[in-house]
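So this block is protein_29.cif, mmCIF, C-alpha atoms and all ligand atoms:
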```cif
data_upload
loop_
_atom_site.label_atom_id
_atom_site.label_comp_id
_atom_site.auth_asym_id
_atom_site.auth_seq_id
_atom_site.Cartn_x
_atom_site.Cartn_y
_atom_site.Cartn_z
CA MET A 1 -21.36 -17.48 17.98
CA VAL A 2 -18.64 -19.11 15.88
CA LYS A 3 -19.41 -18.98 12.16
CA SER A 4 -18.99 -22.04 9.93
CA VAL A 5 -16.51 -21.92 7.03
CA PHE A 6 -19.43 -21.81 4.60
CA GLU A 7 -21.00 -18.87 6.45
CA ILE A 8 -17.70 -16.94 6.33
CA LYS A 9 -17.32 -17.62 2.58
CA LYS A 10 -20.95 -16.66 1.94
CA GLU A 11 -20.53 -13.41 3.87
CA ILE A 12 -17.41 -12.52 1.83
CA CYS A 13 -19.40 -13.13 -1.39
CA GLU A 14 -22.30 -10.95 -0.17
CA VAL A 15 -19.96 -8.05 0.63
CA GLY A 16 -18.31 -8.54 -2.80
CA HIS A 17 -21.72 -8.33 -4.50
CA LYS A 18 -22.54 -5.13 -2.58
CA LEU A 19 -19.18 -3.52 -3.52
CA TYR A 20 -19.90 -4.28 -7.20
CA ALA A 21 -23.56 -3.15 -7.03
CA LYS A 22 -22.50 0.16 -5.44
CA ASN A 23 -19.88 0.78 -8.16
CA PHE A 24 -17.08 0.68 -5.59
CA VAL A 25 -15.13 -1.61 -7.96
CA ALA A 26 -14.79 -2.07 -11.73
CA ALA A 27 -13.93 -5.30 -13.58
CA ASN A 28 -11.95 -7.57 -11.18
CA ASP A 29 -10.91 -4.75 -8.82
CA GLY A 30 -10.99 -4.93 -5.04
CA ASN A 31 -10.45 -7.66 -2.49
CA ILE A 32 -11.88 -8.83 0.82
CA SER A 33 -10.39 -10.92 3.61
CA VAL A 34 -11.48 -12.35 6.97
CA LYS A 35 -9.26 -13.60 9.80
CA VAL A 36 -10.12 -16.97 11.38
CA ASN A 37 -7.06 -17.17 13.65
CA ASP A 38 -3.42 -15.97 13.53
CA HIS A 39 -2.54 -18.53 10.83
CA GLU A 40 -5.70 -18.85 8.69
CA PHE A 41 -7.47 -16.22 6.63
CA TYR A 42 -10.17 -16.45 3.94
CA CYS A 43 -9.94 -14.08 0.98
CA THR A 44 -11.23 -13.34 -2.50
CA PRO A 45 -9.21 -14.71 -5.46
CA THR A 46 -7.50 -12.73 -8.20
CA GLY A 47 -9.12 -12.37 -11.61
CA VAL A 48 -12.76 -12.64 -10.52
CA SER A 49 -15.36 -9.85 -10.50
CA LYS A 50 -16.67 -9.17 -7.01
CA GLY A 51 -20.12 -9.17 -8.61
CA SER A 52 -19.92 -12.86 -9.54
CA LEU A 53 -18.21 -14.35 -6.48
CA THR A 54 -19.45 -17.74 -5.24
CA PRO A 55 -18.37 -19.47 -1.96
CA ASP A 56 -16.37 -22.18 -3.82
CA MET A 57 -14.09 -19.42 -5.23
CA ILE A 58 -13.00 -18.17 -1.78
CA ILE A 59 -9.51 -19.32 -0.84
CA LYS A 60 -7.65 -19.83 2.42
CA VAL A 61 -4.21 -18.26 2.96
CA ASP A 62 -1.62 -18.19 5.75
CA ALA A 63 -0.28 -15.09 7.57
CA GLU A 64 2.14 -14.41 4.68
CA GLY A 65 -0.66 -14.55 2.12
CA ASN A 66 0.39 -17.94 0.70
CA LYS A 67 -2.46 -20.19 -0.48
CA ILE A 68 -3.37 -23.07 1.83
CA GLU A 69 -6.64 -24.14 0.19
CA GLY A 70 -8.64 -23.33 -2.93
CA LYS A 71 -8.74 -23.70 -6.70
CA LEU A 72 -7.97 -20.08 -7.55
CA ASN A 73 -5.03 -17.86 -6.52
CA PRO A 74 -4.83 -14.97 -4.05
CA SER A 75 -4.58 -11.39 -5.32
CA SER A 76 -1.19 -9.66 -5.22
CA GLU A 77 -2.97 -6.98 -3.13
CA ILE A 78 -3.37 -9.51 -0.29
CA LYS A 79 -0.01 -8.16 0.99
CA MET A 80 -1.67 -5.02 2.35
CA HIS A 81 -4.34 -7.12 4.13
CA MET A 82 -1.61 -9.23 5.77
CA ARG A 83 0.24 -6.09 6.89
CA VAL A 84 -2.92 -4.88 8.63
CA TYR A 85 -3.46 -8.23 10.42
CA ARG A 86 0.21 -8.26 11.49
CA ASP A 87 0.11 -4.72 12.92
CA ARG A 88 -3.46 -4.65 14.23
CA PRO A 89 -4.45 -7.74 16.27
CA ASP A 90 -7.88 -6.14 16.88
CA VAL A 91 -8.77 -6.38 13.17
CA ASN A 92 -10.68 -9.42 11.88
CA ALA A 93 -11.68 -8.21 8.40
CA VAL A 94 -10.24 -5.99 5.65
CA VAL A 95 -11.99 -4.52 2.59
CA HIS A 96 -10.19 -2.92 -0.35
CA ALA A 97 -12.13 -1.16 -3.12
CA HIS A 98 -11.90 1.79 -5.51
CA PRO A 99 -14.86 3.99 -4.44
CA PRO A 100 -14.90 6.68 -7.17
CA VAL A 101 -15.56 9.91 -5.27
CA ALA A 102 -13.23 9.18 -2.32
CA THR A 103 -10.56 8.04 -4.80
CA ALA A 104 -11.07 11.26 -6.81
CA PHE A 105 -10.15 13.29 -3.69
CA THR A 106 -6.70 11.66 -3.78
CA VAL A 107 -6.36 12.34 -7.51
CA ALA A 108 -7.28 16.00 -6.94
CA ASP A 109 -4.88 16.02 -3.97
CA ILE A 110 -7.60 17.18 -1.56
CA ASP A 111 -7.52 15.63 1.93
CA LEU A 112 -10.70 13.94 3.15
CA ASP A 113 -10.43 15.56 6.57
CA GLN A 114 -13.55 17.72 6.75
CA TYR A 115 -15.67 17.08 9.84
CA ILE A 116 -19.07 17.53 8.23
CA LEU A 117 -21.34 14.62 9.24
CA PRO A 118 -21.86 13.41 12.86
CA GLU A 119 -21.99 9.74 11.84
CA ALA A 120 -18.68 9.98 9.94
CA VAL A 121 -17.03 11.93 12.78
CA LEU A 122 -18.15 9.23 15.24
CA THR A 123 -17.06 6.25 13.19
CA ILE A 124 -14.02 7.28 11.14
CA GLY A 125 -12.83 10.83 11.83
CA ASP A 126 -10.53 12.10 9.11
CA VAL A 127 -9.33 9.66 6.44
CA PRO A 128 -5.57 9.88 5.77
CA THR A 129 -4.19 9.68 2.23
CA CYS A 130 -1.33 7.17 2.06
CA ASP A 131 1.55 7.75 -0.37
CA TYR A 132 1.20 6.32 -3.86
CA GLY A 133 2.53 2.79 -4.25
CA THR A 134 2.96 0.43 -7.19
CA PRO A 135 0.29 -2.31 -6.99
CA SER A 136 1.60 -5.78 -6.04
CA THR A 137 4.79 -4.36 -4.44
CA MET A 138 5.46 -3.70 -0.74
CA GLU A 139 5.10 0.04 -1.43
CA ILE A 140 1.36 -0.02 -0.65
CA PRO A 141 1.61 -1.98 2.66
CA ASP A 142 4.51 0.31 3.66
CA SER A 143 2.45 3.42 2.86
CA LEU A 144 -0.11 2.41 5.54
CA GLU A 145 2.52 2.42 8.27
CA PRO A 146 2.21 6.05 9.54
CA TYR A 147 -1.57 5.76 10.03
CA ILE A 148 -2.29 2.12 10.76
CA GLN A 149 -2.47 2.40 14.56
CA SER A 150 -4.81 5.37 14.69
CA HIS A 151 -7.30 4.86 11.84
CA ASP A 152 -9.74 2.25 10.50
CA ALA A 153 -10.05 3.86 7.03
CA PHE A 154 -7.26 4.80 4.62
CA LEU A 155 -7.19 6.36 1.15
CA LEU A 156 -4.53 5.04 -1.23
CA ARG A 157 -3.32 7.87 -3.45
CA ASN A 158 -4.43 7.55 -7.11
CA HIS A 159 -5.75 4.09 -6.34
CA GLY A 160 -8.63 3.52 -3.89
CA ALA A 161 -9.46 2.89 -0.24
CA LEU A 162 -8.81 0.32 2.47
CA THR A 163 -11.03 -0.20 5.53
CA VAL A 164 -10.69 -2.51 8.51
CA GLY A 165 -12.99 -3.75 11.28
CA CYS A 166 -13.56 -6.17 14.12
CA ASP A 167 -15.79 -8.05 11.66
CA LEU A 168 -16.61 -7.94 7.95
CA THR A 169 -19.86 -6.01 8.33
CA LYS A 170 -18.02 -3.26 10.22
CA ALA A 171 -15.21 -3.06 7.63
CA PHE A 172 -17.79 -2.81 4.82
CA PHE A 173 -19.85 -0.16 6.64
CA ILE A 174 -16.70 1.94 7.09
CA MET A 175 -16.03 1.68 3.34
CA GLU A 176 -19.62 2.90 2.70
CA GLU A 177 -19.15 5.72 5.21
CA VAL A 178 -15.90 6.89 3.55
CA GLU A 179 -17.55 7.12 0.13
CA PHE A 180 -20.76 8.70 1.47
CA ASN A 181 -18.75 11.34 3.34
CA ALA A 182 -16.73 12.07 0.18
CA ILE A 183 -19.91 12.41 -1.92
CA ILE A 184 -21.49 14.89 0.52
CA CYS A 185 -18.25 16.85 0.76
CA LYS A 186 -17.96 17.03 -3.05
CA HIS A 187 -21.60 18.18 -3.36
CA ALA A 188 -21.02 20.89 -0.71
CA MET A 189 -17.88 22.06 -2.56
CA GLU A 190 -19.89 22.27 -5.79
CA LEU A 191 -22.62 24.24 -4.00
CA GLY A 192 -19.96 26.67 -2.87
CA ALA A 193 -19.24 26.10 0.84
CA VAL A 194 -18.16 23.40 3.28
CA HIS A 195 -19.19 24.31 6.82
CA GLU A 196 -17.62 21.95 9.31
CA ILE A 197 -19.13 20.91 12.66
CA PRO A 198 -17.79 23.36 15.32
CA ASN A 199 -15.03 22.19 17.67
CA GLU A 200 -17.30 22.24 20.74
CA GLN A 201 -19.71 19.86 18.99
CA LEU A 202 -16.82 17.65 17.84
CA LYS A 203 -15.74 17.26 21.44
CA LYS A 204 -19.28 16.14 22.36
CA LEU A 205 -19.19 13.55 19.57
CA MET A 206 -15.89 12.19 20.88
CA GLU A 207 -17.40 11.92 24.38
CA LEU A 208 -20.36 10.12 22.84
CA ARG A 209 -18.05 7.70 21.04
CA LYS A 210 -16.40 6.92 24.35
CA LYS A 211 -19.78 6.28 26.02
CA MET A 212 -20.93 4.06 23.14
CA HIS A 213 -17.79 1.89 23.51
CA LEU A 214 -17.39 1.74 19.73
CA THR A 215 -14.78 -0.74 18.53
CA GLY A 216 -11.83 0.18 16.33
CA ARG A 217 -9.35 3.03 16.26
CA HIS A 218 -10.12 6.71 15.80
CA PRO A 219 -7.71 9.60 15.13
CA GLY A 220 -9.61 11.83 17.58
CA LEU A 221 -8.91 9.60 20.56
CA ASP A 222 -5.79 9.14 22.57
CA LEU A 223 -4.84 5.47 22.12
CA GLU A 224 -3.95 4.93 25.76
CA GLU A 225 -6.45 6.98 27.64
CA GLU A 226 -9.28 7.17 25.09
CA LYS A 227 -9.67 10.87 25.87
CA PRO A 228 -10.70 13.39 23.24
CA LEU A 229 -7.59 14.63 21.48
CA ALA A 230 -6.71 16.44 18.27
CA VAL A 231 -10.08 18.12 18.12
CA CYS A 232 -9.01 21.32 19.84
CA SER A 233 -9.08 24.57 17.91
CA LYS A 234 -5.93 26.17 16.46
CA GLU A 235 -6.25 28.96 19.05
CA GLU A 236 -6.25 26.42 21.91
CA LEU A 237 -3.26 24.66 20.39
CA VAL A 238 -1.26 27.91 20.03
CA GLU A 239 -2.17 28.82 23.62
CA THR A 240 -1.01 25.43 24.95
CA ILE A 241 2.25 25.52 22.98
CA THR A 242 2.98 29.12 24.09
CA LYS A 243 2.33 28.13 27.72
CA ARG A 244 4.69 25.15 27.46
CA VAL A 245 7.43 27.24 25.80
CA LEU A 246 7.17 29.89 28.51
CA GLU A 247 7.28 27.16 31.19
CA ALA A 248 10.39 25.68 29.56
CA LEU A 249 12.01 29.12 29.56
CA GLY A 250 11.15 29.42 33.26
CA LYS A 251 8.91 32.45 32.82
ZN ZN A 301 -6.77 -1.87 -5.78
#
```
Take the structure in this file and express it as structure tokens.
Amino acid sequence: MVKSVFEIKKEICEVGHKLYAKNFVAANDGNISVKVNDHEFYCTPTGVSKGSLTPDMIIKVDAEGNKIEGKLNPSSEIKMHMRVYRDRPDVNAVVHAHPPVATAFTVADIDLDQYILPEAVLTIGDVPTCDYGTPSTMEIPDSLEPYIQSHDAFLLRNHGALTVGCDLTKAFFIMEEVEFNAIICKHAMELGAVHEIPNEQLKKLMELRKKMHLTGRHPGLDLEEEKPLAVCSKEELVETITKRVLEALGK
């Protein structure tokens, strides 16, 4: 069902209110965008709290992030949204926020790559930390480059998080999942131990993801064949590499 312009704007406001209510943003932080087609996108304006967004504030921009319609102006952070739409035709919505616990992992320089919750393993896998970039410059869009094709969630070092989805609900749910996973991981670290889900069980989750035909990209899946990948144990990896080296040496 095709949504009306008002419905799209209303949905962006609702997600903005949730981001603010969940303390994922402070002051005027964060931004949300939705793709209508290759040339038209709706997004939140600069200088407005996500907690007080109303549909009349939502603006329309082109594929370069230039304003087409609206009273207010786009955020300078719209550049990273546009980079995602350019490089990922499967993405129809982008959410950027500063979820405190997930962001703190980047400040502490701890990767958010612990496989601890089945739901998070199924939906996002590990969350890469992109290099630090100066806000409003092309440094942040460029920092997404190494991970953009294989992930739907990204941490921005000393800054926040970016999530993408086939629709806005999905992109928002991934943002929630990233922060929830970070909170549980932090609690487990404080309690003294982080026990990850064993490799055998991870493989089962990847098979399950395949059966469920979940949308989006996942670092545990081969992009072309959608086969479980990157979830083998270190021992298996060493064994495979040794075998290939010996084969190459003709032994
Ligand atoms: Zn930001």
- Task: Please give me, as a PyMOL selection string, the residues lying within 7 Å of ligand ZN 301 (chain A) when counting only C-alpha atoms and all ligand atoms.
- Result: chain A and resi 29-30+77+96-98+159-160
I'd like a table as a tab-separated table: residues in range 129-230 of chain A with an atom no more than 12 Å from range 3-14 of chain A, each row giving the shortest atom pair and its distance in Å to one decimal, only C-alpha atoms counted, sorted by chain and rising residue number.
```
residue	atom	partner	partner_atom	distance
A:Asp167	CA	A:Ile8	CA	10.5
A:Leu168	CA	A:Ile12	CA	7.7
A:Thr169	CA	A:Glu11	CA	8.7
A:Ala171	CA	A:Ile12	CA	11.3
A:Phe172	CA	A:Ile12	CA	10.2
```
- Task: Determine, counting all atoms listed in the file, which protein, DNA and RNA residues have an atom within 10 Å of an atom of Ser136 in chain A; residues of the same chain fewer than 3 positions away are not included. Present the result as a PyMOL selection string.
- Result: chain A and resi 75-80+133+139-141
Near Gly51 in chain A, within 10 Å and counting only C-alpha atoms, which residues show up once chain neighbours fewer than 3 positions away are dropped, as an mmCIF file with C-alpha atoms, keeping the file's coordinate frame?
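Okay, out_8.cif is ready:
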```
data_model
loop_
_atom_site.group_PDB
_atom_site.id
_atom_site.type_symbol
_atom_site.label_atom_id
_atom_site.label_comp_id
_atom_site.auth_asym_id
_atom_site.auth_seq_id
_atom_site.Cartn_x
_atom_site.Cartn_y
_atom_site.Cartn_z
ATOM 1 C CA CYS A 13 -19.400 -13.130 -1.390
ATOM 2 C CA GLU A 14 -22.300 -10.950 -0.170
ATOM 3 C CA VAL A 15 -19.960 -8.050 0.630
ATOM 4 C CA GLY A 16 -18.310 -8.540 -2.800
ATOM 5 C CA HIS A 17 -21.720 -8.330 -4.500
ATOM 6 C CA LYS A 18 -22.540 -5.130 -2.580
ATOM 7 C CA LEU A 19 -19.180 -3.520 -3.520
ATOM 8 C CA TYR A 20 -19.900 -4.280 -7.200
ATOM 9 C CA ALA A 21 -23.560 -3.150 -7.030
ATOM 10 C CA ASN A 23 -19.880 0.780 -8.160
ATOM 11 C CA VAL A 25 -15.130 -1.610 -7.960
ATOM 12 C CA ALA A 26 -14.790 -2.070 -11.730
ATOM 13 C CA ALA A 27 -13.930 -5.300 -13.580
ATOM 14 C CA ASN A 28 -11.950 -7.570 -11.180
ATOM 15 C CA VAL A 48 -12.760 -12.640 -10.520
ATOM 16 C CA THR A 54 -19.450 -17.740 -5.240
#
```
- Item | Spatial neighbours of Asn73 in chain A, max dist 12 Å, all atoms listed in the file, sep filter under 2 positions, as a VMD selection string | chain A and resid 42 to 48 57 to 61 65 to 71 75 to 78
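If all atoms listed in the file are the atoms counted, then among A:Leu144, A:Leu156, A:Ile116, A:Met206 the closest residue to Thr129 in chain A is A:Leu156.
Distances here use all atoms listed in the file; by that measure, the residue among A:Arg86, A:Glu119, A:Thr215, A:Lys50 closest to Glu64 in chain A is A:Arg86.
Of the residues under consideration (A:Asp126, A:Glu190, A:Asp56, A:Asp152), A:Asp126 shows the shortest atom-to-atom contact distance to Asp113 in chain A when counting all atoms listed in the file.
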- As a check of understanding: the span from CA of Ser150 in chain A to CA of Glu179 in chain A is 19.4 Å
- In Å and to one decimal, CA of Asp131 in chain A is distant from CA of Ala102 in chain A by 15.0 Å
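For the pair CA of Val2 in chain A and CA of Phe24 in chain A, the interatomic distance is 29.2 Å.
Counting only C-alpha atoms and comparing A:Leu72, A:Ala153, A:Leu53, A:Met82, the residue that lies closest to Phe41 in chain A is A:Met82.
Remark: for Thr106 in chain A, the closest of the candidate residues A:Tyr147, A:Phe180, A:Phe173, A:Tyr132 is A:Tyr132 (distances computed over only C-alpha atoms).
Proximity of A:Cys166, A:Leu122, A:Ile32, A:Ala182 to Arg209 in chain A, computed with only C-alpha atoms, is greatest for A:Leu122.
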Please determine an axis-aligned box that encloses all atoms of range 30-41 of chain A listed in the file, with 4 Å added on each side, and express its centre and edge lengths in Å to one decimal as AutoDock Vina command-line options.
```
--center_x -7.2 --center_y -11.9 --center_z 4.3 --size_x 17.3 --size_y 21.9 --size_z 26.7
```
